[in-house]
$ cat coords.pdb   # PDB, C-alpha atoms
ATOM      1  CA  MET A 830      -0.521 -14.634 -17.592
ATOM      2  CA  MET A 831      -2.461 -13.912 -14.431
ATOM      3  CA  ASN A 832      -5.320 -16.230 -13.459
ATOM      4  CA  LYS A 833      -8.739 -15.058 -12.253
ATOM      5  CA  GLU A 834      -7.943 -15.714  -8.606
ATOM      6  CA  CYS A 835      -4.893 -13.443  -8.816
ATOM      7  CA  GLU A 836      -6.961 -10.743 -10.530
ATOM      8  CA  ILE A 837      -9.529 -10.851  -7.726
ATOM      9  CA  ILE A 838      -6.860 -10.852  -5.019
ATOM     10  CA  ARG A 839      -5.125  -7.858  -6.594
ATOM     11  CA  ASP A 840      -8.426  -6.009  -6.850
ATOM     12  CA  ILE A 841      -8.983  -6.245  -3.105
ATOM     13  CA  LEU A 842      -5.374  -5.830  -1.919
ATOM     14  CA  PRO A 843      -5.923  -2.094  -1.223
ATOM     15  CA  LEU A 844      -8.768  -3.030   1.145
ATOM     16  CA  TYR A 845      -6.510  -5.651   2.714
ATOM     17  CA  LEU A 846      -3.770  -3.071   3.261
ATOM     18  CA  ASP A 847      -6.216  -0.620   4.820
ATOM     19  CA  SER A 848      -7.610  -3.406   7.046
ATOM     20  CA  VAL A 849     -11.148  -2.799   5.848
ATOM     21  CA  CYS A 850     -11.881  -6.122   4.168
ATOM     22  CA  SER A 851     -13.817  -8.816   5.986
ATOM     23  CA  PRO A 852     -11.997 -11.350   8.162
ATOM     24  CA  SER A 853     -12.871 -14.109   5.696
ATOM     25  CA  SER A 854     -11.470 -12.082   2.782
ATOM     26  CA  ARG A 855      -8.339 -11.399   4.813
ATOM     27  CA  GLU A 856      -7.930 -15.108   5.474
ATOM     28  CA  ILE A 857      -8.321 -15.959   1.777
ATOM     29  CA  ILE A 858      -5.791 -13.294   0.813
ATOM     30  CA  ASP A 859      -3.313 -14.466   3.458
ATOM     31  CA  GLU A 860      -3.555 -18.040   2.164
ATOM     32  CA  HIS A 861      -3.183 -16.917  -1.446
ATOM     33  CA  LEU A 862      -0.127 -14.786  -0.672
ATOM     34  CA  LYS A 863       1.580 -17.786   0.931
ATOM     35  CA  THR A 864       1.380 -19.710  -2.338
ATOM     36  CA  CYS A 865       1.618 -16.959  -4.972
ATOM     37  CA  PRO A 866       4.956 -15.147  -5.142
ATOM     38  CA  ASP A 867       3.675 -12.856  -7.909
ATOM     39  CA  CYS A 868       0.825 -11.487  -5.791
ATOM     40  CA  ALA A 869       3.092 -11.270  -2.733
ATOM     41  CA  ALA A 870       5.559  -9.206  -4.803
ATOM     42  CA  TYR A 871       2.687  -7.039  -6.044
ATOM     43  CA  LEU A 872       1.632  -6.400  -2.448
ATOM     44  CA  GLU A 873       5.177  -5.284  -1.608
ATOM     45  CA  GLN A 874       5.146  -2.934  -4.605
ATOM     46  CA  ILE A 875       1.941  -1.345  -3.329
ATOM     47  CA  ARG A 876       3.416  -0.978   0.172
ATOM     48  CA  ALA A 877       6.610   0.585  -1.220
ATOM     49  CA  SER A 878       4.598   2.965  -3.383
ATOM     50  CA  GLU A 879       2.444   4.043  -0.435
ATOM     51  CA  ALA A 880       5.516   4.558   1.748
ATOM     52  CA  GLU A 881       7.091   6.646  -0.995
ATOM     53  CA  GLY A 882       3.955   8.783  -1.240
ATOM     54  CA  GLU A 883       3.891   9.291   2.530
ATOM     55  CA  LEU A 884       7.548  10.349   2.476
ATOM     56  CA  ARG A 885       6.831  12.871  -0.290
ATOM     57  CA  GLN A 886       3.971  14.344   1.750
ATOM     58  CA  GLU A 887       6.099  14.477   4.875
ATOM     59  CA  ARG A 888       8.976  16.110   2.987
ATOM     60  CA  ALA A 889       6.608  18.734   1.534
ATOM     61  CA  LEU A 890       5.271  19.516   5.013
ATOM     62  CA  VAL A 891       8.793  19.935   6.411
ATOM     63  CA  ILE A 892       9.736  22.259   3.547
ATOM     64  CA  LYS A 893       6.556  24.295   4.076
ATOM     65  CA  ASN A 894       7.251  24.608   7.821
ATOM     66  CA  GLN A 895      10.876  25.584   7.194
ATOM     67  CA  ALA A 896       9.755  28.228   4.686
ATOM     68  CA  ARG A 897       7.454  29.734   7.345
ATOM     69  CA  ARG A 898      10.307  29.914   9.843
ATOM     70  CA  PHE A 899      12.617  31.645   7.380
ATOM     71  CA  LYS A 900       9.955  34.267   6.572
ATOM     72  CA  ARG A 901       9.854  35.367  10.214
TER      73      ARG A 901
END
$ encode --input "coords.pdb" --output "structure tokens"
Amino acid sequence: MMNKECEIIRDILPLYLDSVCSPSSREIIDEHLKTCPDCAAYLEQIRASEAEGELRQERALVIKNQARRFKR
């Protein structure tokens, strides 16, 4: 079962990843991640998911550009 601190950390991890949280929030998250393997693993899941989404977008753009070239 997740404690309240973990719930709060997970709520603001997207801001942390986008580097838009305050320096003090960033410091608190950094400290928490050092001691909480569950939240650290959750952060890695978010990063992997975002990377996967970026790859899908990039792949779609390449396919679209290739389709344009073949139409010429």
$ atom_distance --input "coords.pdb" --atom1 "atom CA of A:Gln895" --atom2 "atom CA of A:Ala877"
26.7 Å
$ atom_distance --input "coords.pdb" --atom1 "atom CA of A:Leu862" --atom2 "atom CA of A:Ile838"
8.9 Å
$ axis_aligned_box --input "coords.pdb" --around "stretch 877-896 of chain A" --padding-each-side "4 Å" --output "JSON"
{"center_x": 6.7, "center_y": 14.4, "center_z": 2.2, "size_x": 16.4, "size_y": 35.6, "size_z": 19.2}
$ residues_around --input "coords.pdb" --residues "stretch 879-886 of chain A" --least-positions-apart "5" --cutoff "12 Å" --atoms "all atoms listed in the file" --output "number ranges by chain"
A: 843, 846-847, 872-874, 891-893
$ residues_around --input "coords.pdb" --residues "stretch 830-834 of chain A" --least-positions-apart "3" --cutoff "10 Å" --atoms "all atoms listed in the file" --output "list in words"
Ile837, Ile838, Arg839, Asp840, Ile858, His861, Asp867 and Cys868 of chain A
$ atom_distance --input "coords.pdb" --atom1 "atom CA of A:Ile875" --atom2 "atom CA of A:Cys835"
14.9 Å
$ build_atoms --input "coords.pdb" --residues "stretch 839-854 of chain A" --atoms "N, CA, C and O atoms" --output "PDB file, keeping the file's coordinate frame"
ATOM      1  N   ARG A 839      -5.738  -9.174  -6.356  1.00  0.00           N
ATOM      2  CA  ARG A 839      -5.125  -7.858  -6.594  1.00  0.00           C
ATOM      3  C   ARG A 839      -6.142  -6.730  -6.542  1.00  0.00           C
ATOM      4  O   ARG A 839      -5.817  -5.622  -6.135  1.00  0.00           O
ATOM      5  N   ASP A 840      -7.375  -7.023  -6.937  1.00  0.00           N
ATOM      6  CA  ASP A 840      -8.426  -6.009  -6.850  1.00  0.00           C
ATOM      7  C   ASP A 840      -8.720  -5.609  -5.406  1.00  0.00           C
ATOM      8  O   ASP A 840      -9.050  -4.456  -5.144  1.00  0.00           O
ATOM      9  N   ILE A 841      -8.619  -6.566  -4.495  1.00  0.00           N
ATOM     10  CA  ILE A 841      -8.983  -6.245  -3.105  1.00  0.00           C
ATOM     11  C   ILE A 841      -7.768  -6.029  -2.196  1.00  0.00           C
ATOM     12  O   ILE A 841      -7.932  -5.768  -1.003  1.00  0.00           O
ATOM     13  N   LEU A 842      -6.559  -6.082  -2.749  1.00  0.00           N
ATOM     14  CA  LEU A 842      -5.374  -5.830  -1.919  1.00  0.00           C
ATOM     15  C   LEU A 842      -5.389  -4.447  -1.258  1.00  0.00           C
ATOM     16  O   LEU A 842      -4.983  -4.333  -0.098  1.00  0.00           O
ATOM     17  N   PRO A 843      -5.860  -3.394  -1.931  1.00  0.00           N
ATOM     18  CA  PRO A 843      -5.923  -2.094  -1.223  1.00  0.00           C
ATOM     19  C   PRO A 843      -6.801  -2.150   0.031  1.00  0.00           C
ATOM     20  O   PRO A 843      -6.453  -1.556   1.056  1.00  0.00           O
ATOM     21  N   LEU A 844      -7.912  -2.874  -0.038  1.00  0.00           N
ATOM     22  CA  LEU A 844      -8.768  -3.030   1.145  1.00  0.00           C
ATOM     23  C   LEU A 844      -8.043  -3.812   2.227  1.00  0.00           C
ATOM     24  O   LEU A 844      -8.158  -3.511   3.420  1.00  0.00           O
ATOM     25  N   TYR A 845      -7.311  -4.826   1.805  1.00  0.00           N
ATOM     26  CA  TYR A 845      -6.510  -5.651   2.714  1.00  0.00           C
ATOM     27  C   TYR A 845      -5.468  -4.777   3.429  1.00  0.00           C
ATOM     28  O   TYR A 845      -5.326  -4.852   4.648  1.00  0.00           O
ATOM     29  N   LEU A 846      -4.788  -3.943   2.668  1.00  0.00           N
ATOM     30  CA  LEU A 846      -3.770  -3.071   3.261  1.00  0.00           C
ATOM     31  C   LEU A 846      -4.365  -2.071   4.246  1.00  0.00           C
ATOM     32  O   LEU A 846      -3.745  -1.737   5.245  1.00  0.00           O
ATOM     33  N   ASP A 847      -5.557  -1.594   3.938  1.00  0.00           N
ATOM     34  CA  ASP A 847      -6.216  -0.620   4.820  1.00  0.00           C
ATOM     35  C   ASP A 847      -6.979  -1.291   5.958  1.00  0.00           C
ATOM     36  O   ASP A 847      -7.608  -0.611   6.762  1.00  0.00           O
ATOM     37  N   SER A 848      -6.920  -2.618   6.013  1.00  0.00           N
ATOM     38  CA  SER A 848      -7.610  -3.406   7.046  1.00  0.00           C
ATOM     39  C   SER A 848      -9.104  -3.143   7.080  1.00  0.00           C
ATOM     40  O   SER A 848      -9.709  -3.048   8.142  1.00  0.00           O
ATOM     41  N   VAL A 849      -9.708  -3.020   5.908  1.00  0.00           N
ATOM     42  CA  VAL A 849     -11.148  -2.799   5.848  1.00  0.00           C
ATOM     43  C   VAL A 849     -11.894  -3.931   5.143  1.00  0.00           C
ATOM     44  O   VAL A 849     -13.099  -3.840   4.959  1.00  0.00           O
ATOM     45  N   CYS A 850     -11.174  -4.969   4.757  1.00  0.00           N
ATOM     46  CA  CYS A 850     -11.881  -6.122   4.168  1.00  0.00           C
ATOM     47  C   CYS A 850     -12.357  -7.033   5.305  1.00  0.00           C
ATOM     48  O   CYS A 850     -11.908  -6.923   6.440  1.00  0.00           O
ATOM     49  N   SER A 851     -13.262  -7.919   4.977  1.00  0.00           N
ATOM     50  CA  SER A 851     -13.817  -8.816   5.986  1.00  0.00           C
ATOM     51  C   SER A 851     -12.756  -9.804   6.477  1.00  0.00           C
ATOM     52  O   SER A 851     -11.776 -10.064   5.774  1.00  0.00           O
ATOM     53  N   PRO A 852     -12.940 -10.345   7.662  1.00  0.00           N
ATOM     54  CA  PRO A 852     -11.997 -11.350   8.162  1.00  0.00           C
ATOM     55  C   PRO A 852     -11.865 -12.553   7.225  1.00  0.00           C
ATOM     56  O   PRO A 852     -10.760 -13.072   7.034  1.00  0.00           O
ATOM     57  N   SER A 853     -12.968 -12.965   6.611  1.00  0.00           N
ATOM     58  CA  SER A 853     -12.871 -14.109   5.696  1.00  0.00           C
ATOM     59  C   SER A 853     -12.092 -13.750   4.441  1.00  0.00           C
ATOM     60  O   SER A 853     -11.300 -14.556   3.946  1.00  0.00           O
ATOM     61  N   SER A 854     -12.265 -12.528   3.934  1.00  0.00           N
ATOM     62  CA  SER A 854     -11.470 -12.082   2.782  1.00  0.00           C
ATOM     63  C   SER A 854      -9.996 -12.013   3.157  1.00  0.00           C
ATOM     64  O   SER A 854      -9.123 -12.422   2.386  1.00  0.00           O
TER      65      SER A 854
END
